[in-house]
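Trainee: The following file, input07.cif, comprises mmCIF, C-alpha atoms:
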data_work
loop_
_atom_site.label_atom_id
_atom_site.label_comp_id
_atom_site.auth_asym_id
_atom_site.auth_seq_id
_atom_site.Cartn_x
_atom_site.Cartn_y
_atom_site.Cartn_z
CA MET Q 19 -11.07 40.87 21.60
CA THR Q 20 -10.83 38.20 18.88
CA ARG Q 21 -12.95 38.91 15.81
CA LYS Q 22 -15.55 36.38 14.68
CA THR Q 23 -15.02 34.41 11.48
CA TRP Q 24 -16.50 31.24 9.98
CA LEU Q 25 -14.12 29.31 12.27
CA SER Q 26 -16.46 29.86 15.22
CA GLU Q 27 -19.32 28.21 13.35
CA VAL Q 28 -17.40 25.38 11.67
CA VAL Q 29 -14.67 24.54 14.17
CA GLY Q 30 -16.21 26.02 17.31
CA THR Q 31 -13.50 28.53 18.15
CA GLU Q 32 -11.30 31.27 16.79
CA LYS Q 33 -7.52 30.78 16.91
CA ALA Q 34 -8.17 27.16 16.02
CA ALA Q 35 -5.80 24.20 15.85
CA ILE Q 36 -6.49 21.58 13.19
CA GLY Q 37 -4.51 18.40 13.72
CA VAL Q 38 -3.60 16.38 10.65
CA VAL Q 39 -4.06 12.60 10.53
CA HIS Q 40 -1.40 11.29 8.15
CA PHE Q 41 -2.66 8.13 6.48
CA LYS Q 42 -0.08 5.48 5.80
CA ALA Q 43 0.49 4.48 2.18
CA PHE Q 44 -2.37 2.90 0.22
CA PRO Q 45 -2.39 0.07 -2.34
CA SER Q 46 -0.43 1.17 -5.45
CA ASP Q 47 1.72 3.53 -3.32
CA PRO Q 48 5.39 2.46 -3.23
CA LEU Q 49 5.43 2.49 0.58
CA PHE Q 50 2.28 0.37 1.01
CA ASN Q 51 2.82 -2.56 3.37
CA SER Q 52 1.10 -5.37 1.47
CA GLU Q 53 1.72 -7.87 4.30
CA LYS Q 54 -0.14 -5.79 6.91
CA GLY Q 55 -2.66 -4.49 4.37
CA MET Q 56 -5.42 -1.95 4.92
CA SER Q 57 -5.98 -3.00 8.53
CA ASP Q 58 -2.63 -1.40 9.38
CA VAL Q 59 -3.64 1.84 7.65
CA ILE Q 60 -6.91 1.90 9.59
CA GLU Q 61 -5.42 1.16 13.00
CA SER Q 62 -2.60 3.68 12.56
CA ALA Q 63 -5.11 6.36 11.60
CA ARG Q 64 -7.38 5.45 14.52
CA LYS Q 65 -4.51 5.76 17.02
CA ASP Q 66 -3.52 9.17 15.64
CA LEU Q 67 -7.13 10.39 15.57
CA LEU Q 68 -7.75 9.36 19.17
CA ALA Q 69 -4.45 10.86 20.33
CA LEU Q 70 -5.39 14.19 18.73
CA GLN Q 71 -8.89 14.16 20.20
CA ASN Q 72 -7.79 13.04 23.66
CA GLY Q 73 -5.19 15.80 23.58
CA GLY Q 74 -7.94 18.40 23.05
CA ILE Q 75 -7.58 19.24 19.34
CA ASP Q 76 -10.21 21.55 17.82
CA ALA Q 77 -10.61 19.72 14.48
CA VAL Q 78 -8.85 17.17 12.27
CA LEU Q 79 -7.84 16.95 8.63
CA PHE Q 80 -7.26 13.54 7.02
CA SER Q 81 -4.48 13.46 4.42
CA ASN Q 82 -2.72 10.82 2.31
CA GLU Q 83 0.63 12.10 3.51
CA PHE Q 84 2.59 8.89 2.91
CA SER Q 85 1.52 8.44 -0.71
CA PHE Q 86 5.07 9.26 -1.78
CA PRO Q 87 5.95 10.37 -4.41
CA TYR Q 88 2.87 12.54 -4.88
CA GLU Q 89 1.03 12.65 -8.20
CA ALA Q 90 -1.16 15.27 -9.82
CA GLU Q 91 -3.62 12.49 -10.65
CA PRO Q 92 -3.63 10.12 -7.64
CA SER Q 93 -4.61 6.53 -8.27
CA SER Q 94 -8.16 5.33 -7.69
CA GLU Q 95 -6.85 3.14 -4.87
CA ILE Q 96 -5.86 6.23 -2.89
CA ILE Q 97 -9.25 7.92 -3.20
CA ALA Q 98 -11.12 4.68 -2.47
CA GLY Q 99 -8.77 3.91 0.42
CA MET Q 100 -9.22 7.31 2.05
CA ALA Q 101 -13.01 7.10 1.81
CA TYR Q 102 -12.93 3.57 3.21
CA VAL Q 103 -10.71 4.42 6.17
CA ILE Q 104 -12.66 7.56 7.10
CA GLY Q 105 -15.89 5.56 6.85
CA VAL Q 106 -14.51 2.94 9.23
CA LEU Q 107 -13.41 5.68 11.65
CA LYS Q 108 -16.63 7.69 11.44
CA GLU Q 109 -17.93 6.61 14.86
CA ASP Q 110 -14.57 7.56 16.44
CA ILE Q 111 -14.59 11.11 15.06
CA LYS Q 112 -15.79 13.52 17.75
CA VAL Q 113 -14.57 16.86 16.36
CA PRO Q 114 -15.16 18.79 13.12
CA TYR Q 115 -13.18 17.26 10.24
CA GLY Q 116 -12.25 17.41 6.61
CA ALA Q 117 -9.92 15.73 4.14
CA ASN Q 118 -7.21 16.59 1.67
CA VAL Q 119 -6.15 14.46 -1.30
CA ILE Q 120 -2.66 15.80 -1.85
CA SER Q 121 -2.19 17.60 -5.16
CA ASN Q 122 -5.69 17.07 -6.53
CA THR Q 123 -8.34 19.59 -5.57
CA HIS Q 124 -11.18 17.97 -7.52
CA ASP Q 125 -10.54 14.68 -5.69
CA SER Q 126 -10.50 16.52 -2.36
CA ILE Q 127 -13.85 18.16 -3.08
CA ALA Q 128 -15.39 14.84 -4.14
CA LEU Q 129 -14.03 13.04 -1.09
CA ASN Q 130 -15.35 15.70 1.30
CA ALA Q 131 -18.75 15.53 -0.38
CA VAL Q 132 -18.89 11.80 0.37
CA ILE Q 133 -17.56 11.88 3.95
CA GLY Q 134 -19.30 15.08 5.08
CA GLY Q 135 -16.06 17.01 5.42
CA GLN Q 136 -16.23 20.65 6.47
CA LEU Q 137 -12.81 21.98 5.47
CA MET Q 138 -9.97 21.29 3.06
CA ARG Q 139 -6.80 22.90 1.82
CA GLY Q 140 -4.92 22.95 -1.46
CA THR Q 141 -3.68 24.78 -4.53
CA PHE Q 142 -6.71 26.46 -6.05
CA ALA Q 143 -5.13 28.95 -8.43
CA GLY Q 144 -1.91 29.71 -10.28
CA ALA Q 145 0.75 27.80 -12.18
CA PHE Q 146 3.67 26.33 -10.24
CA SER Q 147 6.81 24.29 -10.77
CA GLY Q 148 7.65 21.74 -8.10
CA ASN Q 149 8.67 18.17 -7.32
CA MET Q 150 5.80 16.75 -9.39
CA GLY Q 151 6.56 18.94 -12.39
CA LEU Q 152 4.04 21.56 -13.42
CA THR Q 153 0.80 22.38 -11.59
CA ASN Q 154 -1.83 24.46 -13.34
CA ALA Q 155 -4.78 25.15 -11.05
CA HIS Q 156 -8.25 26.17 -12.23
CA PRO Q 157 -10.17 28.07 -9.53
CA GLY Q 158 -13.30 28.46 -11.66
CA GLU Q 159 -13.62 24.71 -12.06
CA PHE Q 160 -13.01 24.01 -8.38
CA LEU Q 161 -15.55 26.48 -7.03
CA ARG Q 162 -18.15 25.36 -9.55
CA HIS Q 163 -17.51 21.74 -8.58
CA ARG Q 164 -18.18 22.63 -4.94
CA ASN Q 165 -21.22 24.70 -5.86
CA ASN Q 166 -22.70 21.98 -8.06
CA LEU Q 167 -22.52 19.59 -5.11
CA GLY Q 168 -24.39 22.06 -2.91
CA LEU Q 169 -21.38 22.59 -0.66
CA SER Q 170 -20.63 26.29 -1.10
CA GLN Q 171 -21.72 27.05 2.46
CA LYS Q 172 -20.71 23.71 3.99
CA LEU Q 173 -17.17 23.03 2.78
CA LYS Q 174 -14.53 25.67 3.54
CA MET Q 175 -11.50 25.93 1.26
CA VAL Q 176 -8.09 27.12 2.46
CA HIS Q 177 -6.17 28.41 -0.59
CA TYR Q 178 -2.39 28.07 -0.53
CA VAL Q 179 -0.46 31.16 -1.61
CA ILE Q 180 2.43 28.99 -2.82
CA PRO Q 181 2.29 25.22 -2.27
CA GLU Q 182 5.13 23.45 -0.50
CA SER Q 183 8.31 22.77 -2.49
CA SER Q 184 7.13 24.96 -5.38
CA CYS Q 185 7.61 28.30 -7.10
CA GLU Q 186 5.24 30.36 -9.24
CA ILE Q 187 6.03 30.02 -12.93
CA GLY Q 188 4.96 33.52 -13.92
CA GLY Q 189 7.28 35.15 -11.43
CA ARG Q 190 4.56 36.96 -9.49
CA ASP Q 191 5.54 37.90 -5.96
CA LYS Q 192 3.55 36.53 -3.03
CA HIS Q 193 1.65 39.77 -2.52
CA SER Q 194 0.43 39.75 -6.12
CA ILE Q 195 -0.72 36.15 -5.74
CA VAL Q 196 -2.75 36.98 -2.62
CA ASN Q 197 -4.23 40.07 -4.25
CA GLY Q 198 -5.36 38.00 -7.24
CA GLU Q 199 -6.80 35.29 -5.00
CA LEU Q 200 -8.83 37.72 -2.93
CA PHE Q 201 -10.02 39.77 -5.89
CA GLY Q 202 -11.50 37.00 -7.99
CA ASN Q 203 -11.13 33.49 -6.55
CA LEU Q 204 -13.42 33.71 -3.49
CA PRO Q 205 -11.19 31.87 -0.98
CA ASP Q 206 -12.60 31.05 2.44
CA ALA Q 207 -9.10 31.45 3.83
CA ILE Q 208 -5.53 32.03 2.71
CA GLY Q 209 -2.97 29.40 3.74
CA ILE Q 210 0.71 30.24 4.07
CA CYS Q 211 3.15 27.32 3.75
CA GLY Q 212 6.77 26.81 4.66
CA ALA Q 213 9.22 25.08 2.31
CA ASN Q 214 7.86 21.67 3.31
CA ALA Q 215 6.26 19.80 6.21
CA GLY Q 216 7.44 21.08 9.58
CA LYS Q 217 9.16 24.17 8.18
CA LYS Q 218 8.25 27.57 9.63
CA ILE Q 219 6.27 30.01 7.52
CA ASP Q 220 7.36 33.53 6.58
CA MET Q 221 5.91 35.45 9.52
CA GLU Q 222 6.82 38.86 8.10
CA PHE Q 223 4.79 38.05 4.99
CA MET Q 224 1.82 36.90 7.07
CA ARG Q 225 1.92 40.11 9.10
CA GLU Q 226 1.92 42.13 5.89
CA ILE Q 227 -1.10 40.21 4.58
CA ARG Q 228 -2.92 40.73 7.87
CA GLU Q 229 -2.26 44.46 7.68
CA ASP Q 230 -3.32 44.72 4.03
CA TYR Q 231 -6.37 42.45 4.31
CA PRO Q 232 -7.56 42.60 7.94
CA ASP Q 233 -10.80 40.69 7.32
CA THR Q 234 -9.18 37.71 5.57
CA VAL Q 235 -9.00 34.40 7.44
CA LEU Q 236 -5.34 33.37 7.59
CA PHE Q 237 -3.98 29.86 8.18
CA ALA Q 238 -0.43 28.84 9.03
CA THR Q 239 -0.10 25.49 7.29
CA THR Q 240 3.37 24.28 8.36
CA GLY Q 241 5.95 24.78 11.09
CA VAL Q 242 3.62 25.49 14.01
CA ASN Q 243 4.90 24.24 17.36
CA TYR Q 244 4.68 24.80 21.11
CA ASP Q 245 7.30 27.55 21.12
CA THR Q 246 5.69 29.55 18.30
CA ILE Q 247 2.08 29.58 19.51
CA GLU Q 248 1.98 33.22 20.58
CA GLU Q 249 4.00 34.45 17.60
CA ILE Q 250 1.87 32.67 15.01
CA TYR Q 251 -1.58 33.00 16.57
CA GLU Q 252 -1.07 36.70 17.18
CA VAL Q 253 -1.46 37.00 13.40
CA ALA Q 254 -3.03 33.75 12.16
CA ASP Q 255 -6.65 32.79 12.74
CA ALA Q 256 -5.91 29.07 12.62
CA ALA Q 257 -3.22 26.52 11.91
CA PHE Q 258 -2.77 23.01 10.60
CA ILE Q 259 -0.40 21.07 12.87
CA ALA Q 260 1.10 17.69 12.10
CA THR Q 261 4.85 17.14 12.56
CA HIS Q 262 5.01 18.84 15.96
CA PHE Q 263 2.40 16.43 17.33
CA LYS Q 264 4.40 13.36 16.31
CA LYS Q 265 6.55 11.48 18.84
CA ASP Q 266 9.78 13.44 19.28
CA GLY Q 267 8.55 15.85 16.60
CA ILE Q 268 9.59 13.44 13.83
CA PHE Q 269 7.44 13.39 10.68
CA GLU Q 270 7.39 9.60 10.27
CA ASN Q 271 6.29 8.85 13.85
CA GLU Q 272 2.83 8.36 15.34
CA VAL Q 273 0.96 11.19 17.08
CA ASP Q 274 1.95 11.67 20.72
CA GLU Q 275 -1.09 12.52 22.86
CA LYS Q 276 1.06 14.22 25.49
CA ARG Q 277 2.55 16.58 22.92
CA VAL Q 278 -0.94 17.42 21.66
CA LYS Q 279 -2.22 18.13 25.17
CA ARG Q 280 0.79 20.27 26.05
CA PHE Q 281 0.27 22.34 22.90
CA MET Q 282 -3.49 22.65 23.32
CA ASP Q 283 -3.26 23.60 27.00
CA ARG Q 284 -0.97 26.49 26.07
CA LEU Q 285 -3.13 27.51 23.10
CA LYS Q 286 -6.30 27.49 25.19
CA GLN Q 287 -4.57 29.60 27.82
CA TYR Q 288 -3.55 32.02 25.06
CA ARG Q 289 -7.12 32.13 23.72
CA SER Q 290 -8.50 32.85 27.17
CA SER Q 291 -6.50 36.08 27.32
CA PHE Q 292 -8.68 37.65 24.61
#
Reformat the file's structure so that it appears as structure tokens.

Mentor:
Amino acid sequence: MTRKTWLSEVVGTEKAAIGVVHFKAFPSDPLFNSEKGMSDVIESARKDLLALQNGGIDAVLFSNEFSFPYEAEPSSEIIAGMAYVIGVLKEDIKVPYGANVISNTHDSIALNAVIGGQLMRGTFAGAFSGNMGLTNAHPGEFLRHRNNLGLSQKLKMVHYVIPESSCEIGGRDKHSIVNGELFGNLPDAIGICGANAGKKIDMEFMREIREDYPDTVLFATTGVNYDTIEEIYEVADAAFIATHFKKDGIFENEVDEKRVKRFMDRLKQYRSSF
């Protein structure tokens, strides 16, 4: 029998699937289409949102995925654009939701406070070297920010062990990072990433974390697909899924409702076996 976690209250089910809506680039982003403007960003997001919901997704996460190259301090246009698009889509959202401003946890907390988001993910602790240079996270600041907004019980935070395309500067192994997170950083969940979007996570490591910390909520944050449902959900409590739901499984494409439904039908069948 599946154990009960905060997922049942927030998302409505254990072994949950959170589909990611990848926003197109915003003004000031190099890939922004100035001819089509914000209306293109809105309509693309609406199509992906509806495809996820019609396919039976449990929850959605909005993310500025096409704001390449990512910055530690995203421009004001990105934050304003995300809030604007989610506001326009509010009447279309029928499932639990949250948002993630890539690479800036304070911005993610602020955005979720404004839109009523219930979950987010990110790098909450540690110092890392990656494509953007150096990342130095401050868990005390982040949790106090959430607490000062009155969101400690309303906004769930999924803490990455090691963010995508990064390595820990201090040389700590992944087990030490998780131990430190759980001892003092009060994560709502631990998120395990692959090398980058669409890449499978280290399942052996996730199994070890499950064995060592059986009560911890674990998320697979990349590389989840139709063929790995049983393998991943046997250990993970939830997963963020994005690339697999795209047409032909290609990152740049729009969400394919048929792929979502196929995945969710199999996941729901798997959940029913518990």

Trainee: Given the file shown, determine the residues that the PyMOL selection byres ((chain Q and resi 193) around 9) selects; report them as number ranges by chain.

Mentor: Q: 179, 190-192, 194-198, 223, 226-227

Trainee: Could you tell me how far atom CA of Ala98 of chain Q lies from atom CA of Ile120 of chain Q, in Å and to one decimal?

Mentor: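 Straight-line distance from atom CA of Ala98 of chain Q to atom CA of Ile120 of chain Q works out to 14.0 Å.
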
Trainee: Which protein, DNA or RNA residues are at most 9 Å from (-13.6, 35.9, 11.9) in the file's coordinates when you count all atoms listed in the file, listed as a short mmCIF file (atom, residue, chain, number, x, y, z; two decimals) with C-alpha atoms, in the coordinates of the input?

Mentor:
data_model
loop_
_atom_site.label_atom_id
_atom_site.label_comp_id
_atom_site.auth_asym_id
_atom_site.auth_seq_id
_atom_site.Cartn_x
_atom_site.Cartn_y
_atom_site.Cartn_z
CA THR Q 20 -10.83 38.20 18.88
CA ARG Q 21 -12.95 38.91 15.81
CA LYS Q 22 -15.55 36.38 14.68
CA THR Q 23 -15.02 34.41 11.48
CA TRP Q 24 -16.50 31.24 9.98
CA LEU Q 25 -14.12 29.31 12.27
CA SER Q 26 -16.46 29.86 15.22
CA GLU Q 32 -11.30 31.27 16.79
CA ASP Q 233 -10.80 40.69 7.32
CA THR Q 234 -9.18 37.71 5.57
CA VAL Q 235 -9.00 34.40 7.44
CA ASP Q 255 -6.65 32.79 12.74
#

Trainee: Quick one: residues within 10 Å of Leu107 of chain Q, all atoms listed in the file, excluding same-chain residues fewer than 6 positions away - as a short mmCIF file (atom, residue, chain, number, x, y, z; two decimals) with C-alpha atoms, keeping the file's coordinate frame?

Mentor:
data_model
loop_
_atom_site.label_atom_id
_atom_site.label_comp_id
_atom_site.auth_asym_id
_atom_site.auth_seq_id
_atom_site.Cartn_x
_atom_site.Cartn_y
_atom_site.Cartn_z
CA ILE Q 60 -6.91 1.90 9.59
CA GLU Q 61 -5.42 1.16 13.00
CA ALA Q 63 -5.11 6.36 11.60
CA ARG Q 64 -7.38 5.45 14.52
CA LEU Q 67 -7.13 10.39 15.57
CA ALA Q 101 -13.01 7.10 1.81
#

Trainee: For Tyr244 of chain Q, please output as a VMD selection string all residues within 9 Å (counting all atoms listed in the file; exclusion window: fewer than 3 positions along the same chain).

Mentor: chain Q and resid 247 to 248 262 277 280 to 282 284 to 285

Trainee: Under the rule of at most 12 Å, produce a per-residue listing of segment 29-121 of chain Q near segment 136-140 of chain Q: chain, number, name, the closest pair of atoms, and the distance in Å, as JSON lines, using only C-alpha atoms.

Mentor:
{"residue": "Q:Val29", "atom": "CA", "partner": "Q:Gln136", "partner_atom": "CA", "distance": 8.8}
{"residue": "Q:Ile36", "atom": "CA", "partner": "Q:Leu137", "partner_atom": "CA", "distance": 10.0}
{"residue": "Q:Val38", "atom": "CA", "partner": "Q:Met138", "partner_atom": "CA", "distance": 11.1}
{"residue": "Q:Ala77", "atom": "CA", "partner": "Q:Leu137", "partner_atom": "CA", "distance": 9.5}
{"residue": "Q:Val78", "atom": "CA", "partner": "Q:Leu137", "partner_atom": "CA", "distance": 9.2}
{"residue": "Q:Leu79", "atom": "CA", "partner": "Q:Met138", "partner_atom": "CA", "distance": 7.4}
{"residue": "Q:Phe80", "atom": "CA", "partner": "Q:Met138", "partner_atom": "CA", "distance": 9.1}
{"residue": "Q:Ser81", "atom": "CA", "partner": "Q:Met138", "partner_atom": "CA", "distance": 9.7}
{"residue": "Q:Ala90", "atom": "CA", "partner": "Q:Gly140", "partner_atom": "CA", "distance": 12.0}
{"residue": "Q:Val113", "atom": "CA", "partner": "Q:Gln136", "partner_atom": "CA", "distance": 10.7}
{"residue": "Q:Pro114", "atom": "CA", "partner": "Q:Gln136", "partner_atom": "CA", "distance": 7.0}
{"residue": "Q:Tyr115", "atom": "CA", "partner": "Q:Gln136", "partner_atom": "CA", "distance": 5.9}
{"residue": "Q:Gly116", "atom": "CA", "partner": "Q:Leu137", "partner_atom": "CA", "distance": 4.7}
{"residue": "Q:Ala117", "atom": "CA", "partner": "Q:Met138", "partner_atom": "CA", "distance": 5.7}
{"residue": "Q:Asn118", "atom": "CA", "partner": "Q:Met138", "partner_atom": "CA", "distance": 5.6}
{"residue": "Q:Val119", "atom": "CA", "partner": "Q:Gly140", "partner_atom": "CA", "distance": 8.6}
{"residue": "Q:Ile120", "atom": "CA", "partner": "Q:Gly140", "partner_atom": "CA", "distance": 7.5}
{"residue": "Q:Ser121", "atom": "CA", "partner": "Q:Gly140", "partner_atom": "CA", "distance": 7.1}

Trainee: Find, counting all atoms listed in the file, the residue in Q:Gln287, Q:Thr261, Q:Asn166, Q:Ser46 that gets nearest to Ser94 of chain Q.

Mentor: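 Checking each candidate against Ser94 of chain Q, we get Q:Ser46 as the closest.
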
Trainee: So what does the PyMOL selection byres ((chain Q and resi 167-174) around 9) actually pick up in this one, as a ChimeraX atom specification?

Mentor: /Q:24,28,116,127-128,130-131,134-139,161-166,175-176,205-207

Trainee: Using C-alpha atoms, can you export the residues from the last selection as a PDB file, in the frame of the given file?

Mentor:
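What follows is the written file out-v1.pdb:
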ATOM      1  CA  TRP Q  24     -16.500  31.240   9.980  1.00  0.00           C
ATOM      2  CA  VAL Q  28     -17.400  25.380  11.670  1.00  0.00           C
ATOM      3  CA  GLY Q 116     -12.250  17.410   6.610  1.00  0.00           C
ATOM      4  CA  ILE Q 127     -13.850  18.160  -3.080  1.00  0.00           C
ATOM      5  CA  ALA Q 128     -15.390  14.840  -4.140  1.00  0.00           C
ATOM      6  CA  ASN Q 130     -15.350  15.700   1.300  1.00  0.00           C
ATOM      7  CA  ALA Q 131     -18.750  15.530  -0.380  1.00  0.00           C
ATOM      8  CA  GLY Q 134     -19.300  15.080   5.080  1.00  0.00           C
ATOM      9  CA  GLY Q 135     -16.060  17.010   5.420  1.00  0.00           C
ATOM     10  CA  GLN Q 136     -16.230  20.650   6.470  1.00  0.00           C
ATOM     11  CA  LEU Q 137     -12.810  21.980   5.470  1.00  0.00           C
ATOM     12  CA  MET Q 138      -9.970  21.290   3.060  1.00  0.00           C
ATOM     13  CA  ARG Q 139      -6.800  22.900   1.820  1.00  0.00           C
ATOM     14  CA  LEU Q 161     -15.550  26.480  -7.030  1.00  0.00           C
ATOM     15  CA  ARG Q 162     -18.150  25.360  -9.550  1.00  0.00           C
ATOM     16  CA  HIS Q 163     -17.510  21.740  -8.580  1.00  0.00           C
ATOM     17  CA  ARG Q 164     -18.180  22.630  -4.940  1.00  0.00           C
ATOM     18  CA  ASN Q 165     -21.220  24.700  -5.860  1.00  0.00           C
ATOM     19  CA  ASN Q 166     -22.700  21.980  -8.060  1.00  0.00           C
ATOM     20  CA  MET Q 175     -11.500  25.930   1.260  1.00  0.00           C
ATOM     21  CA  VAL Q 176      -8.090  27.120   2.460  1.00  0.00           C
ATOM     22  CA  PRO Q 205     -11.190  31.870  -0.980  1.00  0.00           C
ATOM     23  CA  ASP Q 206     -12.600  31.050   2.440  1.00  0.00           C
ATOM     24  CA  ALA Q 207      -9.100  31.450   3.830  1.00  0.00           C
TER      25      ALA Q 207
END

Trainee: Could you pull out every residue with an atom within 6 Å of (4.8, 28.4, 7.4), file coordinates, counting all atoms listed in the file, and send them as a PyMOL selection string?

Mentor: chain Q and resi 210-212+218-220+238-241

Trainee: Rounded to one decimal place, report the atom CA of Phe237 of chain Q-atom CA of Tyr178 of chain Q distance in Å.

Mentor: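 Spanning atom CA of Phe237 of chain Q to atom CA of Tyr178 of chain Q is a straight-line distance of 9.0 Å.
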
Trainee: Looking at all atoms listed in the file, which of Q:Asp125, Q:Glu186, Q:Asp283, Q:Asp58 is the one that sits closest to Glu91 of chain Q?

Mentor: Q:Asp125

Trainee: Pick from Q:Val278, Q:Ala254, Q:Ile268, Q:Leu204: nearest to Gln71 of chain Q, with only C-alpha atoms counted?

Mentor: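 Of Q:Val278, Q:Ala254, Q:Ile268, Q:Leu204, the one nearest Gln71 of chain Q is Q:Val278, counting only C-alpha atoms.
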
Trainee: Using only C-alpha atoms, can you tell me which of Q:Pro157, Q:Ile104, Q:Gly189, Q:Gly73 comes closest to Gly202 of chain Q?

Mentor: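 Of all the options, Q:Pro157 lies closest to Gly202 of chain Q.
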
Trainee: Counting all atoms listed in the file, which of Q:Ile133, Q:Ile75, Q:Ala69, Q:Met56 gets nearest to Ile96 of chain Q?

Mentor: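 For Ile96 of chain Q, the nearest of the candidates is Q:Met56.
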
Trainee: Could you spell out the hits of the PyMOL selection byres ((chain Q and resi 83-88) around 6) on the shown file, as a PyMOL selection string?

Mentor: chain Q and resi 40-43+47+81-82+89

Trainee: For each of Q:Val242, Q:Leu152, Q:Val253, Q:Ile208, take the minimum atom-to-atom distance to Gly37 of chain Q, counting all atoms listed in the file, then give the residue where this is smallest.

Mentor: Q:Val242
